[in-house]
Structure formats: C-alpha cells, structure tokens
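> The structure file work_30.txt (compact mmCIF, C-alpha atoms) is provided below.
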# COMPACT_ATOMS: atom_id res chain seq x y z
CA MET G 152 -2.08 14.25 10.48
CA CYS G 153 -1.17 10.63 9.83
CA MET G 154 -1.21 9.82 6.10
CA PHE G 155 0.14 6.62 4.57
CA SER G 156 0.99 5.71 1.02
CA GLY G 157 -0.49 2.73 -0.76
CA PRO G 158 -3.96 1.16 -0.97
CA PRO G 159 -6.36 1.27 2.02
CA SER G 160 -5.65 -2.36 2.97
CA ILE G 161 -1.89 -1.90 3.40
CA ILE G 162 -2.08 -0.49 6.98
CA GLU G 163 -3.37 -2.87 9.65
CA ARG G 164 -2.74 -0.91 12.85
CA VAL G 165 -1.39 2.42 14.07
CA ASN G 166 -1.25 3.17 17.79
CA GLY G 167 0.88 4.46 20.64
CA THR G 168 1.55 7.78 18.91
CA GLN G 169 3.91 10.10 20.81
CA ILE G 170 4.66 13.66 19.66
CA PHE G 171 7.10 16.12 21.23
CA ALA G 172 7.03 19.80 20.23
CA ARG G 173 9.46 22.46 21.38
CA SER G 174 9.26 26.19 20.78
CA MET G 175 12.56 27.44 19.37
CA PRO G 176 14.03 30.95 18.84
CA GLU G 177 13.32 32.98 15.71
CA GLY G 178 9.87 31.46 15.28
CA ARG G 179 11.02 27.91 14.64
CA GLN G 180 9.67 24.67 16.14
CA ILE G 181 11.05 21.19 16.69
CA LEU G 182 8.71 18.24 16.18
CA VAL G 183 9.46 14.63 17.12
CA TYR G 184 6.99 11.95 16.05
CA GLY G 185 6.91 8.30 17.10
CA MET G 186 4.34 5.50 16.78
CA ASN G 187 3.66 1.80 16.47
CA VAL G 188 2.56 0.63 13.03
CA ALA G 189 1.70 -2.67 11.35
CA ALA G 190 1.78 -2.58 7.55
CA LYS G 191 1.83 -5.28 4.91
CA GLU G 192 4.77 -3.64 3.12
CA PRO G 193 6.99 -0.55 3.40
CA VAL G 194 5.03 2.70 3.22
CA ALA G 195 5.55 6.45 3.48
CA MET G 196 4.00 8.74 6.09
CA ILE G 197 3.22 12.40 5.48
CA LEU G 198 2.93 15.02 8.24
CA PRO G 199 1.49 18.48 7.47
CA ILE G 200 3.29 21.41 9.10
CA PRO G 201 2.24 25.10 9.20
CA VAL G 202 5.41 26.53 7.68
CA LEU G 203 5.72 30.14 6.65
CA PRO G 204 4.03 30.67 3.25
CA GLY G 205 6.56 30.47 0.44
CA ALA G 206 9.03 28.41 2.49
CA PRO G 207 12.00 27.29 0.36
CA ASP G 208 12.98 23.68 -0.26
CA ASP G 209 15.57 23.79 2.54
CA ALA G 210 13.28 25.34 5.18
CA VAL G 211 13.05 22.08 7.16
CA ARG G 212 16.03 20.63 9.01
CA PHE G 213 15.74 16.87 9.52
CA ILE G 214 17.31 15.44 12.70
CA ASP G 215 18.67 11.90 12.95
CA LEU G 216 17.53 10.10 16.13
CA GLN G 217 18.49 6.61 15.00
CA GLY G 218 21.03 6.53 17.82
CA TYR G 219 18.35 7.30 20.42
CA PRO G 220 15.29 5.17 19.57
CA LYS G 221 14.03 5.41 23.18
CA PHE G 222 13.99 9.21 23.27
CA LEU G 223 10.21 9.50 23.62
CA HIS G 224 10.09 6.56 26.06
CA ASP G 225 12.71 8.22 28.28
CA LEU G 226 10.98 11.60 28.01
CA ASP G 227 7.71 10.06 29.17
CA ALA G 228 9.44 8.66 32.27
CA ALA G 229 9.89 12.22 33.59
CA PHE G 230 6.12 12.61 34.06
CA PRO G 231 3.80 11.11 36.68
CA PRO G 232 1.90 8.03 35.46
CA GLU G 233 -1.62 8.39 34.14
CA GLU G 234 -4.35 5.73 33.91
CA ILE G 235 -5.77 5.83 30.39
CA PRO G 236 -7.70 3.38 28.19
CA ALA G 237 -6.12 1.81 25.14
CA GLY G 238 -6.92 3.17 21.70
CA ARG G 239 -5.89 3.24 18.09
CA GLY G 240 -4.73 5.95 15.71
CA GLY G 241 -5.65 6.20 12.07
CA GLY G 242 -4.29 6.97 8.67
CA LEU G 243 -5.13 8.41 5.30
CA ARG G 244 -4.09 6.26 2.35
CA LEU G 245 -2.47 8.14 -0.51
CA GLN G 246 -3.35 7.70 -4.17
CA LEU G 247 -0.93 7.61 -7.07
CA ALA G 248 -0.37 10.29 -9.68
CA PRO G 249 1.87 10.54 -12.76
CA GLU G 250 5.34 12.06 -12.47
CA SER G 251 6.11 15.43 -14.05
CA ARG G 252 8.53 18.04 -12.61
CA PRO G 253 11.97 17.20 -11.09
CA LEU G 254 11.78 15.41 -7.76
CA LEU G 255 12.45 17.09 -4.41
CA ARG G 256 15.61 16.47 -2.44
CA VAL G 257 15.75 13.24 -0.44
CA HIS G 258 17.47 13.11 2.98
CA GLU G 259 18.88 9.99 4.67
CA VAL G 260 17.73 10.31 8.31
CA GLY G 261 18.55 7.18 10.30
CA ASP G 262 16.16 4.42 9.25
CA PHE G 263 14.16 6.82 7.06
CA VAL G 264 14.36 8.53 3.72
CA ALA G 265 12.77 11.96 4.21
CA SER G 266 11.73 14.89 2.03
CA PHE G 267 10.18 18.30 2.62
CA VAL G 268 7.32 19.31 0.31
CA PRO G 269 6.87 23.12 0.56
CA SER G 270 3.22 23.14 -0.59
CA THR G 271 0.47 20.95 -2.01
CA ALA G 272 1.43 22.08 -5.52
CA ASP G 273 4.95 20.72 -4.94
CA PHE G 274 3.78 17.13 -4.45
CA GLU G 275 4.30 16.59 -8.18
CA ARG G 276 8.01 17.04 -7.48
CA LEU G 277 7.95 14.14 -5.03
CA ASP G 278 8.19 10.45 -5.85
CA PRO G 279 4.83 9.69 -7.53
CA ARG G 280 4.01 6.96 -5.02
CA PHE G 281 3.58 9.53 -2.26
CA ARG G 282 1.20 12.09 -3.78
CA LEU G 283 -2.37 12.96 -2.87
CA SER G 284 -5.27 13.04 -5.29
CA ASP G 285 -7.19 16.25 -5.95
CA ALA G 286 -10.21 14.71 -4.24
CA ILE G 287 -8.28 14.37 -0.98
CA TRP G 288 -7.10 17.99 -1.08
CA ASP G 289 -10.65 19.15 -1.80
CA ALA G 290 -11.67 17.47 1.48
CA LEU G 291 -8.77 19.11 3.38
CA PRO G 292 -8.74 22.78 2.31
CA GLN G 293 -7.08 23.83 5.59
CA TYR G 294 -3.80 22.39 4.29
CA GLY G 295 -3.82 24.37 1.06
CA ASP G 296 -0.82 26.49 2.11
CA TYR G 297 0.89 24.03 4.48
CA GLY G 298 4.19 22.25 3.93
CA PHE G 299 4.69 18.52 4.46
CA ALA G 300 7.39 16.29 5.93
CA VAL G 301 7.46 12.91 4.17
CA PHE G 302 9.09 9.83 5.70
CA GLN G 303 9.49 6.49 3.93
CA LEU G 304 9.10 3.76 6.56
CA HIS G 305 11.17 0.66 5.83
CA ASP G 306 11.32 -2.80 7.40
CA LEU G 307 7.54 -3.27 7.51
CA GLY G 308 5.47 -6.26 6.47
CA SER G 309 7.04 -8.99 8.64
CA ARG G 310 4.76 -11.72 10.02
CA GLY G 311 6.67 -11.66 13.32
CA GLY G 312 7.76 -15.25 13.88
CA LEU G 313 5.94 -18.58 13.71
CA LEU G 314 2.77 -17.32 15.44
CA GLY G 315 2.55 -14.38 13.07
CA LYS G 316 2.97 -16.65 10.05
CA LEU G 317 0.32 -19.08 11.30
CA THR G 318 -2.20 -16.33 12.07
CA ARG G 319 -1.13 -14.20 9.08
CA ARG G 320 -0.94 -11.28 11.48
CA ILE G 321 1.49 -8.53 10.49
CA GLN G 322 4.00 -7.65 13.21
CA THR G 323 3.61 -4.22 14.82
CA LYS G 324 6.83 -2.21 14.64
CA THR G 325 7.84 0.67 16.90
CA ILE G 326 9.21 3.37 14.63
CA HIS G 327 12.26 5.22 15.95
CA PRO G 328 11.43 8.92 16.37
CA MET G 329 11.12 11.07 13.27
CA ALA G 330 12.47 14.53 14.10
CA PHE G 331 12.76 17.82 12.28
CA GLU G 332 12.77 21.59 12.79
CA PHE G 333 10.69 24.02 10.74
CA PRO G 334 9.78 27.75 10.56
CA ARG G 335 6.28 28.02 12.05
CA ARG G 336 3.91 30.68 10.86
CA ASP G 337 2.68 31.55 14.37
CA PRO G 338 5.59 32.15 16.79
CA GLN G 339 3.12 32.27 19.70
CA ALA G 340 1.93 28.69 19.24
CA VAL G 341 3.28 25.18 18.78
CA PHE G 342 1.64 22.70 16.43
CA PHE G 343 0.90 18.98 16.74
CA PRO G 344 -0.28 17.07 13.63
CA THR G 345 -3.00 15.02 15.33
CA ILE G 346 -5.85 14.95 12.80
CA HIS G 347 -6.19 11.60 11.03
CA VAL G 348 -8.38 10.29 8.25
CA HIS G 349 -9.53 6.75 7.45
CA ASP G 350 -9.90 5.47 3.90
CA GLY G 351 -9.60 8.89 2.30
CA GLN G 352 -12.56 10.41 4.16
CA VAL G 353 -12.52 13.16 6.76
CA HIS G 354 -14.73 12.35 9.75
CA ALA G 355 -15.82 14.78 12.47
CA LYS G 356 -14.73 12.30 15.17
CA ALA G 357 -11.78 9.90 15.27
CA LEU G 358 -10.30 7.29 17.60
CA PHE G 359 -7.14 8.68 19.24
CA ASP G 360 -4.20 7.07 21.03
CA HIS G 361 -1.89 10.09 21.24
CA HIS G 362 0.51 11.24 23.97
CA LEU G 363 1.73 14.81 23.52
CA TYR G 364 4.70 16.60 25.08
CA VAL G 365 5.49 20.30 24.81
CA GLN G 366 8.38 22.49 25.94
CA PRO G 367 7.98 26.28 25.79
CA GLY G 368 10.91 28.59 25.16
CA PRO G 369 12.88 30.06 28.11
CA ASP G 370 10.77 33.24 28.21
CA GLU G 371 7.46 31.54 27.40
CA ARG G 372 4.75 29.70 29.29
CA LEU G 373 1.66 27.77 28.32
CA ASP G 374 -1.54 29.75 27.93
CA LEU G 375 -3.50 28.86 31.07
CA ARG G 376 -6.76 29.45 29.19
CA SER G 377 -6.10 26.34 27.12
CA PRO G 378 -8.83 23.70 27.54
CA LEU G 379 -6.19 20.96 27.42
CA GLU G 380 -5.05 19.49 30.73
CA TRP G 381 -1.25 19.64 30.58
CA ARG G 382 0.77 18.03 33.38
CA PRO G 383 4.35 19.17 34.18
CA ASN G 384 7.22 16.76 34.66
CA ASP G 385 7.67 15.74 38.31
CA THR G 386 11.36 14.83 38.02
CA PRO G 387 14.06 16.70 36.04
CA LEU G 388 14.34 15.74 32.37
CA SER G 389 18.09 15.37 32.86
CA HIS G 390 17.44 12.40 35.18
CA HIS G 391 15.84 10.42 32.36
CA LEU G 392 17.23 11.61 29.03
CA ASP G 393 20.71 10.98 27.66
CA GLY G 394 21.78 14.51 26.78
CA GLU G 395 24.54 13.37 24.43
CA ARG G 396 22.02 11.55 22.22
CA THR G 397 19.21 14.10 22.13
CA ALA G 398 20.82 16.12 19.30
CA GLY G 399 19.86 19.30 21.17
CA ILE G 400 16.14 18.86 20.57
CA VAL G 401 15.22 19.28 24.25
CA ASP G 402 16.35 21.60 27.05
CA LEU G 403 17.23 19.18 29.84
CA GLU G 404 17.18 21.92 32.49
CA ALA G 405 13.75 23.35 31.62
CA ASN G 406 10.27 22.04 32.35
CA ALA G 407 8.06 20.23 29.86
CA PHE G 408 4.39 19.28 29.91
CA THR G 409 2.35 16.31 28.74
CA MET G 410 -1.26 15.41 28.00
CA SER G 411 -3.05 12.47 26.40
CA LYS G 412 -5.72 12.35 23.71
CA ILE G 413 -7.36 8.96 24.12
CA GLY G 414 -10.65 7.68 22.76
CA THR G 415 -13.14 9.09 20.27
CA LEU G 416 -12.52 12.83 20.00
CA ASP G 417 -12.91 15.75 17.62
CA ASN G 418 -10.77 14.97 14.60
CA ALA G 419 -8.44 17.97 14.48
CA ASP G 420 -4.84 19.05 14.85
CA THR G 421 -3.71 20.34 18.24
CA VAL G 422 -2.41 23.88 18.64
CA VAL G 423 -0.92 25.07 21.95
CA LYS G 424 -0.85 28.81 22.56
CA LEU G 425 2.11 30.39 24.35
CA GLN G 426 2.42 33.56 26.43
Just give me the structure of the file as structure tokens.

Amino acid sequence: MCMFSGPPSIIERVNGTQIFARSMPEGRQILVYGMNVAAKEPVAMILPIPVLPGAPDDAVRFIDLQGYPKFLHDLDAAFPPEEIPAGRGGGLRLQLAPESRPLLRVHEVGDFVASFVPSTADFERLDPRFRLSDAIWDALPQYGDYGFAVFQLHDLGSRGGLLGKLTRRIQTKTIHPMAFEFPRRDPQAVFFPTIHVHDGQVHAKALFDHHLYVQPGPDERLDLRSPLEWRPNDTPLSHHLDGERTAGIVDLEANAFTMSKIGTLDNADTVVKLQ
C-alpha cells in the first residue's frame, strides 16, 4: 500500500513501482520496494506488512541498498521482455495528529530515515507528521493488526532544470530501493503491498503500474493454482546482479519469477502462495 504524508496536493506522480519479495527461513520475508515519484516537497511513505501479531519494536531489519540503486533494474534484466501499456500508481495522503507517547526508533538507511511501527496503535509513537487519522483506519480495517515500515523520502520538490522551472513541473525522482526483512504471519505465502488509495478514499478499482518479482525458498515453489501469470527468469540472476552489493537479499543461483499489474485493476494487496 502506497501512503504519503502531507496534504493531497503534495504528490504529483507515482509510477514505475517495482517490488521484490523473497521467502526466507524461519517464516521471515525480504521486501524491496522501488518507484518513481514527483512531490512538491520531501514526504514519508508508509508500507503495511503482515507481521506476527505482537511483533516487538526490533522485529524489522532494515537493509541499506544505497550502494546498489540499480538493484531492481538489474534484476528485471534477467527476465524476458514484456510489452505492457504505461500506467500510474497512487497514494494515500496522511493527516496530522498531536504527539503523545515517546517516539519510535529511527534508522538511517542510505538516503532514507526509516522506522518500524508495530501496530496502528503505535503510530502515536511516531513523528506526528506521519500518522493516520481514525477516519482512514476505519476505511482500512484489514490493517488493524498489521505493522508498518515508514520511510522519509528526501531530495524531492525540484523543478528539474530550466524547462521544469518554466512549466512549474516537479521533477520525477527514481527512489533507490527501500529494503527490509520482517517476520511474516503466514510462512506459506509472500506479501506484496500493492493496494493504493487516492485522496484518503478506498476505491474498488485503481490504476496500477507495478512490476513484481518473487523468489521462493530452496524447498518451496509457487502455487500453480495462482491466477497470476508469473514468468521465470530466462538467464541466471548471477549474470545480471552484482552479488557483492545485494546485501544477501537474493539467491543468485536460484530462480525467480516476475509478473506485471498494469492498468485499472482490483485495488488490493498481492499475496503469493507457496508449496
């Protein structure tokens, strides 16, 4: 789920979303999230994650990929090309709330400042700029017992040169991958946060521009009954990825799969079952 802080007018564009998920031992999952975004000023993005209920403050391990900004680009090169139409993602704009309890821990992760919020009730322990109103949570009851990874996105708001200044068009920035590992509640599934909401309202359909990648564990395979059309890599991942810069988030000797969610689709997260 793509949620942004600030008023509704602060985000101009979000597209080119790429998400990599890997099933890890002991019921954990790695998630890597990348996108293009144009915003009038720095914002924060919040991703819901189905952590184990009662997860402690240190349940999420953030991974610094600042040294490998092309990770998702290189990963995509291992798959056969696909002809797809262009699209646009979306975002939910957060509302402000007064501060109360002590703030959650903040992590320096490359270009980001990141925090893990164990539950919706713990948002009051986060910087007050990045909290959700009760009205938003009432519209999203499925996240009542989820945790949340929060990333503050810096270096946004530039007009992008003379043309951008003349047209007053905000420059679109490619965000280097946001990566973390968390304890998933269902060890037989991997989770992609793909639902998005515009202007604080949840719609049944949404406009997607998402490219998903999944890597099962060594003794796992994708559930062939899945309605999603996953395509395997046609060249080894090791031929495209720099193993020394991946921080161990991908198995270079194992297969991975990809699929695209493009166009107006059911507005929901994506769950991939494993066997």
> To one decimal place in Å, what is the distance between atom CA of G:Ala272 and atom CA of G:Gln180?
23.3 Å
> Just to confirm, what's the straight-line distance from atom CA of G:Asn406 to atom CA of G:Pro367 in Å (one decimal)?
8.1 Å
> Could you name the residues that touch stretch 391-398 of chain G at 8 Å or less, counting only C-alpha atoms, but leaving out those on the same chain fewer than 4 positions away, as a list of chain:residue names?
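Final neighbour list, sorted by chain and number: G:Ile214, G:Asp215, G:Leu216, G:Gly218, G:Tyr219, G:Phe222, G:Asp225, G:Leu226, G:Ala228, G:Ala229, G:Pro387, G:Leu403.
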> What does the distance between atom CA of G:Arg212 and atom CA of G:Val268 come to in Å, to one decimal place?
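Those two atoms sit 12.4 Å apart.
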> Kindly assemble as a Markdown table a list of the stretch 382-422 of chain G residues that lie within 10 Å of stretch 328-342 of chain G, each paired with its nearest atom pair and their distance in Å to one decimal, using only C-alpha atoms, sorted first by chain and then by ascending residue number.

| residue | atom | partner | partner_atom | distance |
| --- | --- | --- | --- | --- |
| G:Ala398 | CA | G:Ala330 | CA | 10.0 |
| G:Ile400 | CA | G:Ala330 | CA | 8.6 |
| G:Asp420 | CA | G:Phe342 | CA | 7.6 |
| G:Thr421 | CA | G:Phe342 | CA | 6.1 |
| G:Val422 | CA | G:Phe342 | CA | 4.8 |
